[in-house]
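Colleague: One structure, pasted below without further comment.
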Amino acid sequence: MSLSLRPLDQQVVVITGASSGIGLVTARCAAQRGAKVVLAARNEQALQELAREIRRSGGQALPVVADVGRQQDVAAVAAAAVAEFGRFDTWVNNAGVSIFGEIPQVSVEDMHRVFDTVYWGVVYGCLQAVEHYRERGEPGAIVNVGSLFGDRSTPIQSTYASAKHAVHGFTDALRVELEHEKDPVSVTLVHPGRIDTPYNEHAQAYVEAQPAHRGMIYPPEAVAEAILGAAVRPVRDVYVGSQAKVVQLAGALTPRLVDKIMSWYMWPTQMDPHRASVPRDDSALWHAGYGGQERGSHVGWHRKGSWTVAATVHPVRALVGGATTAALGLLAPKLLRR
């Protein structure tokens with residue numbers, strides 16, 4: 001079903017997890033492009049500061065303190081958006097929190113808490129968005145932020161990966177049901193690779209070393225570009241970084257080989273042995289973590305962007321850019337000889 005979504009500068013965009021990382025960057029980018037933004041997170045101070053920043057720049061922002069693991073809080077976010085702006089056009093389910101620890105170490109209570117935020121927060125947000133779009137009878141977008149670990153589980157973050165698997169399955173089922181009912185709702189699943197955000201510092205750590213990405217790391221702006229691209233142009237999936245797509249394909253085609261690789265690769269690449277982990281009482285699992293930070297403290301190769309996002313969200317621009325790069329590559333030897 002072909003849908004025509006509003007231009008971003010005519011949209012009201014709801015973003016959960018807006019106080020830091022991907023949500024914070026997405027909110028800033030959306031506001032800079034003219035969208036009205038509804039900012040949802042647990043950290044009231046960070047939300048208020050972000051809203052003031054956006055308003056000083058001439059934008060419109062509504063901060064709403066909410067724990068997405070509570071259905072009544074998510075309903076309050078939707079109600080606040082409608083009360084302030086009369087509607088919303090895109091709902092971004094981005095809030096998340098993780099646990100680093102091997103399965104026998106992690107308490108069941110902590111596991112439940114991760115699912116409350118990562119999975120049930122998405123379910124509650126989608127229910128609010130679908131109800132709102134059906135009542136309005138106008139096209140709208142839902143953008144769910146998944147993970148490469150939602151396509152292929154990882155050790156050390158088993159609870160987070162399991163919750164993201166559930167998000168991916170729920171998103172696929174929701175999309176098919178909406179298409180069957182011919183509801184004018186675009187449903188997009190974003191598959192980020194390893195992203196440079198404070199996500200690791202906010203996590204509940206059962207490990208002694210500080211959780212940290214080590215390897216290829218993508219900027220949160222790449223995820224924001226994927227999210228905002230999906231807000232204006234219906235797209236099924238967006239992979240942020242080639243690593244996300246490679247892991248998905250390899251896991252499907254050669255699962256046992258990926259098991260072997262992960263059994264030795266994932267332990268050293270998820271922790272920084274030179275730092276001690278944040279005490280569990282200071283994590284953001286059970287209460288709001290520190291806000292206002294876009295990036296984390298990871299150790300690796302920091303990329304400037306993602307070609308997979310550009311190719312999906314801006315296919316014409318990516319094609320032209322790729323053709324230009326190829327042409328320059330062919331001409332370079334001749335130019336150098338001259």
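Labels for the structure tokens follow display order: chains A, B, ..., residues from 1 in each chain, ligands from 1.
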Write out as a Markdown table a residue-level contact list of segment 96-145 of chain A versus segment 194-198 of chain A with cut-off 12 Å: for each qualifying residue the closest pair of atoms and the distance in Å to one decimal, counting only C-alpha atoms, rows sorted by chain and residue number upward.
Modeller:
| residue | atom | partner | partner_atom | distance |
| --- | --- | --- | --- | --- |
| A:Gly96 | CA | A:Pro198 | CA | 11.2 |
| A:Val97 | CA | A:Pro198 | CA | 10.2 |
| A:Ser98 | CA | A:Pro198 | CA | 11.2 |
Colleague: Hey, what's within 9 Å of Gly34 of chain A if we count only C-alpha atoms and toss same-chain stuff fewer than 4 positions away? As an mmCIF file with all heavy atoms, in the first residue's frame, please?
Modeller:
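File part35.cif, as written:
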data_model
loop_
_atom_site.group_PDB
_atom_site.id
_atom_site.type_symbol
_atom_site.label_atom_id
_atom_site.label_comp_id
_atom_site.auth_asym_id
_atom_site.auth_seq_id
_atom_site.Cartn_x
_atom_site.Cartn_y
_atom_site.Cartn_z
ATOM 1 N N LEU A 8 8.723 16.617 6.745
ATOM 2 C CA LEU A 8 9.134 16.672 8.138
ATOM 3 C C LEU A 8 8.816 18.016 8.779
ATOM 4 O O LEU A 8 8.457 18.079 9.962
ATOM 5 C CB LEU A 8 10.639 16.375 8.250
ATOM 6 C CG LEU A 8 11.134 16.029 9.656
ATOM 7 C CD1 LEU A 8 10.423 14.793 10.204
ATOM 8 C CD2 LEU A 8 12.641 15.821 9.655
ATOM 9 N N ASP A 9 8.919 19.101 8.025
ATOM 10 C CA ASP A 9 8.657 20.417 8.614
ATOM 11 C C ASP A 9 7.165 20.667 8.848
ATOM 12 O O ASP A 9 6.795 21.719 9.378
ATOM 13 C CB ASP A 9 9.257 21.532 7.754
ATOM 14 C CG ASP A 9 8.700 21.568 6.340
ATOM 15 O OD1 ASP A 9 7.805 20.759 6.006
ATOM 16 O OD2 ASP A 9 9.166 22.411 5.555
ATOM 17 N N GLN A 10 6.325 19.696 8.491
ATOM 18 C CA GLN A 10 4.896 19.787 8.786
ATOM 19 C C GLN A 10 4.459 18.721 9.793
ATOM 20 O O GLN A 10 3.273 18.518 10.016
ATOM 21 C CB GLN A 10 4.082 19.640 7.493
ATOM 22 C CG GLN A 10 4.345 20.719 6.458
ATOM 23 C CD GLN A 10 3.583 20.486 5.165
ATOM 24 O OE1 GLN A 10 2.569 19.768 5.134
ATOM 25 N NE2 GLN A 10 4.056 21.068 4.078
ATOM 26 N N GLN A 11 5.410 18.064 10.400
ATOM 27 C CA GLN A 11 5.099 16.938 11.278
ATOM 28 C C GLN A 11 5.244 17.275 12.767
ATOM 29 O O GLN A 11 5.998 18.166 13.149
ATOM 30 C CB GLN A 11 6.027 15.758 10.970
ATOM 31 C CG GLN A 11 5.697 14.996 9.701
ATOM 32 C CD GLN A 11 6.208 13.570 9.752
ATOM 33 O OE1 GLN A 11 6.373 12.985 10.825
ATOM 34 N NE2 GLN A 11 6.455 12.997 8.576
ATOM 35 N N CYS A 29 17.910 16.912 15.443
ATOM 36 C CA CYS A 29 17.857 16.921 13.973
ATOM 37 C C CYS A 29 16.449 17.214 13.476
ATOM 38 O O CYS A 29 16.261 17.974 12.521
ATOM 39 C CB CYS A 29 18.344 15.577 13.430
ATOM 40 S SG CYS A 29 20.104 15.261 13.643
ATOM 41 N N ALA A 30 15.440 16.592 14.110
ATOM 42 C CA ALA A 30 14.055 16.813 13.688
ATOM 43 C C ALA A 30 13.661 18.275 13.885
ATOM 44 O O ALA A 30 13.028 18.887 13.010
ATOM 45 C CB ALA A 30 13.120 15.900 14.473
ATOM 46 N N GLY A 59 12.408 26.570 17.421
ATOM 47 C CA GLY A 59 11.595 25.375 17.244
ATOM 48 C C GLY A 59 10.522 25.240 18.309
ATOM 49 O O GLY A 59 10.396 26.070 19.223
ATOM 50 N N GLN A 60 9.741 24.158 18.187
ATOM 51 C CA GLN A 60 8.685 23.870 19.158
ATOM 52 C C GLN A 60 8.929 22.489 19.743
ATOM 53 O O GLN A 60 9.096 21.513 19.015
ATOM 54 C CB GLN A 60 7.299 23.922 18.489
ATOM 55 C CG GLN A 60 6.939 25.297 17.940
ATOM 56 C CD GLN A 60 5.521 25.334 17.404
ATOM 57 O OE1 GLN A 60 4.558 25.049 18.121
ATOM 58 N NE2 GLN A 60 5.381 25.695 16.134
#
Colleague: Which value, in Å to one decimal, gives the distance between atom CA of Gly121 of chain A and atom CA of Asn144 of chain A?
Modeller: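 Atom-to-atom, atom CA of Gly121 of chain A to atom CA of Asn144 of chain A, that is 10.3 Å.
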Colleague: Counting only C-alpha atoms, what is within 8 Å of Ser147 of chain A, bar same-chain residues fewer than 4 positions away, as a ChimeraX atom specification?
Modeller: /A:151,161,164,190-193,244
Colleague: Figure out the distance between atom CA of Ile54 of chain A and atom CA of Gln32 of chain A, please, to one decimal in Å.
Modeller: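 Straight-line distance from atom CA of Gln32 of chain A to atom CA of Ile54 of chain A works out to 8.1 Å.
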Colleague: Atom CA of Ala35 of chain A and atom CA of Leu50 of chain A, how far apart in Å?
Modeller: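 Result for atom CA of Leu50 of chain A versus atom CA of Ala35 of chain A: 14.5 Å, one decimal.
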Colleague: Skip Asp281 of chain A itself and residues of its chain fewer than 6 positions away, then list as a PDB file with N, CA, C and O atoms, in the first residue's frame all residues within 12 Å of it, counting only C-alpha atoms.
Modeller:
ATOM      1  N   HIS A 202      24.998   3.632  30.789  1.00  0.00           N
ATOM      2  CA  HIS A 202      23.698   3.535  31.458  1.00  0.00           C
ATOM      3  C   HIS A 202      23.334   2.098  31.839  1.00  0.00           C
ATOM      4  O   HIS A 202      22.418   1.877  32.624  1.00  0.00           O
ATOM      5  N   ALA A 203      24.032   1.123  31.255  1.00  0.00           N
ATOM      6  CA  ALA A 203      23.650  -0.272  31.417  1.00  0.00           C
ATOM      7  C   ALA A 203      23.911  -0.796  32.829  1.00  0.00           C
ATOM      8  O   ALA A 203      24.767  -0.288  33.561  1.00  0.00           O
ATOM      9  N   GLN A 204      23.172  -1.826  33.186  1.00  0.00           N
ATOM     10  CA  GLN A 204      23.407  -2.552  34.432  1.00  0.00           C
ATOM     11  C   GLN A 204      24.562  -3.522  34.191  1.00  0.00           C
ATOM     12  O   GLN A 204      24.470  -4.406  33.331  1.00  0.00           O
ATOM     13  N   ALA A 205      25.668  -3.367  34.913  1.00  0.00           N
ATOM     14  CA  ALA A 205      26.871  -4.157  34.656  1.00  0.00           C
ATOM     15  C   ALA A 205      27.082  -5.212  35.734  1.00  0.00           C
ATOM     16  O   ALA A 205      27.289  -4.890  36.901  1.00  0.00           O
ATOM     17  N   TYR A 206      27.043  -6.462  35.329  1.00  0.00           N
ATOM     18  CA  TYR A 206      27.425  -7.568  36.202  1.00  0.00           C
ATOM     19  C   TYR A 206      28.871  -7.977  35.942  1.00  0.00           C
ATOM     20  O   TYR A 206      29.343  -8.943  36.526  1.00  0.00           O
ATOM     21  N   HIS A 287      16.248   3.574  37.453  1.00  0.00           N
ATOM     22  CA  HIS A 287      15.942   5.003  37.590  1.00  0.00           C
ATOM     23  C   HIS A 287      16.635   5.748  36.458  1.00  0.00           C
ATOM     24  O   HIS A 287      17.486   5.191  35.749  1.00  0.00           O
ATOM     25  N   ALA A 288      16.269   6.988  36.261  1.00  0.00           N
ATOM     26  CA  ALA A 288      16.820   7.768  35.140  1.00  0.00           C
ATOM     27  C   ALA A 288      18.329   7.902  35.264  1.00  0.00           C
ATOM     28  O   ALA A 288      18.863   8.189  36.334  1.00  0.00           O
ATOM     29  N   GLY A 289      19.012   7.699  34.152  1.00  0.00           N
ATOM     30  CA  GLY A 289      20.444   7.926  34.114  1.00  0.00           C
ATOM     31  C   GLY A 289      20.737   9.385  33.810  1.00  0.00           C
ATOM     32  O   GLY A 289      19.823  10.200  33.635  1.00  0.00           O
TER      33      GLY A 289
END
Colleague: With distances taken over only C-alpha atoms, which of A:Arg87, A:Arg134, A:Lys182, A:His112 is nearest to Val13 of chain A?
Modeller: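 That would be A:Arg87, the residue with the smallest distance to Val13 of chain A.
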Colleague: Determine which residues of segment 117-276 of chain A receive a DSSP assignment of strand (DSSP E), computed from the backbone, and state them as number ranges by chain.
Modeller: A: 140-145, 185-192, 204-205, 209-211, 214-217, 237-240, 271-276
Colleague: Which residue, A:Ile156, A:Ala166, A:Ala250, A:Val187, has the smallest gap to Thr269 of chain A when you use only C-alpha atoms?
Modeller: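 Result for the nearest residue to Thr269 of chain A: A:Ile156.
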Colleague: Skipping near chain neighbours, those fewer than 2 positions away, what residues fall within 8 Å of Leu189 of chain A using only C-alpha atoms, listed as a ChimeraX atom specification?
Modeller: /A:143-146,168,171,187,191,236-238
Colleague: Could you write out the selected residues, including N, CA and C atoms, as an mmCIF file, in the first residue's frame?
Modeller:
data_model
loop_
_atom_site.group_PDB
_atom_site.id
_atom_site.type_symbol
_atom_site.label_atom_id
_atom_site.label_comp_id
_atom_site.auth_asym_id
_atom_site.auth_seq_id
_atom_site.Cartn_x
_atom_site.Cartn_y
_atom_site.Cartn_z
ATOM 1 N N VAL A 143 8.168 4.218 13.857
ATOM 2 C CA VAL A 143 9.558 3.822 13.649
ATOM 3 C C VAL A 143 10.056 3.157 14.923
ATOM 4 N N ASN A 144 10.345 1.875 14.830
ATOM 5 C CA ASN A 144 10.854 1.118 15.978
ATOM 6 C C ASN A 144 12.359 0.926 15.828
ATOM 7 N N VAL A 145 13.086 1.302 16.850
ATOM 8 C CA VAL A 145 14.540 1.149 16.828
ATOM 9 C C VAL A 145 14.882 -0.223 17.396
ATOM 10 N N GLY A 146 15.331 -1.104 16.517
ATOM 11 C CA GLY A 146 15.744 -2.439 16.923
ATOM 12 C C GLY A 146 17.234 -2.476 17.185
ATOM 13 N N HIS A 168 11.647 -7.069 17.128
ATOM 14 C CA HIS A 168 11.643 -7.357 15.694
ATOM 15 C C HIS A 168 10.432 -8.205 15.318
ATOM 16 N N THR A 171 7.214 -6.129 15.533
ATOM 17 C CA THR A 171 7.139 -5.153 14.431
ATOM 18 C C THR A 171 6.672 -5.826 13.143
ATOM 19 N N VAL A 187 5.214 1.288 8.910
ATOM 20 C CA VAL A 187 5.926 0.678 10.034
ATOM 21 C C VAL A 187 7.344 0.349 9.587
ATOM 22 N N HIS A 191 17.678 -1.087 12.209
ATOM 23 C CA HIS A 191 18.622 -2.077 12.746
ATOM 24 C C HIS A 191 19.978 -1.400 12.955
ATOM 25 N N ARG A 236 10.580 -0.430 4.823
ATOM 26 C CA ARG A 236 10.375 -1.556 5.734
ATOM 27 C C ARG A 236 11.489 -1.663 6.771
ATOM 28 N N ASP A 237 12.733 -1.717 6.308
ATOM 29 C CA ASP A 237 13.885 -1.892 7.191
ATOM 30 C C ASP A 237 14.989 -0.934 6.793
ATOM 31 N N VAL A 238 15.732 -0.441 7.785
ATOM 32 C CA VAL A 238 16.929 0.361 7.532
ATOM 33 C C VAL A 238 18.049 -0.186 8.409
#
Colleague: For Val232 of chain A, list every protein, DNA or RNA residue within 8 Å, evaluated using only C-alpha atoms, and leave out those in the same chain fewer than 4 positions away; present the list as a PDB file with C-alpha atoms, in the first residue's frame.
Modeller:
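part38.pdb, freshly written:
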ATOM      1  CA  SER A   4       2.019   9.706   1.391  1.00  0.00           C
ATOM      2  CA  LEU A   5       3.534  11.011   4.618  1.00  0.00           C
ATOM      3  CA  ARG A   6       3.821  14.674   5.540  1.00  0.00           C
ATOM      4  CA  PRO A   7       7.107  16.542   4.953  1.00  0.00           C
ATOM      5  CA  LEU A   8       9.134  16.672   8.138  1.00  0.00           C
ATOM      6  CA  LEU A 228      13.764  10.773  10.054  1.00  0.00           C
TER       7      LEU A 228
END
Colleague: From the options A:Met216, A:Val37, A:Ala284, A:Val114, which residue's atoms come nearest to Arg55 of chain A, counting only C-alpha atoms?
Modeller: A:Val37
Colleague: Name the closest residue to Val223 of chain A among the candidates A:Gln71, A:Tyr265, A:Ala78, A:Tyr239; distances are taken between atoms, counting only C-alpha atoms.
Modeller: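 With only C-alpha atoms as the atom set, the closest residue is A:Tyr239.
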Colleague: Quick one: of A:Thr90, A:Ser297, A:Gln248, A:Ser263, who's nearest to Ile217 of chain A, counting only C-alpha atoms?
Modeller: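 Closest to Ile217 of chain A of all the choices is A:Ser297.
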Colleague: List the spatial neighbours of Asp259 of chain A as a PyMOL selection string - criterion: any atom at most 10 Å away, only C-alpha atoms, same-chain residues fewer than 5 positions off excluded.
Modeller: chain A and resi 152-155+251+254+264-265
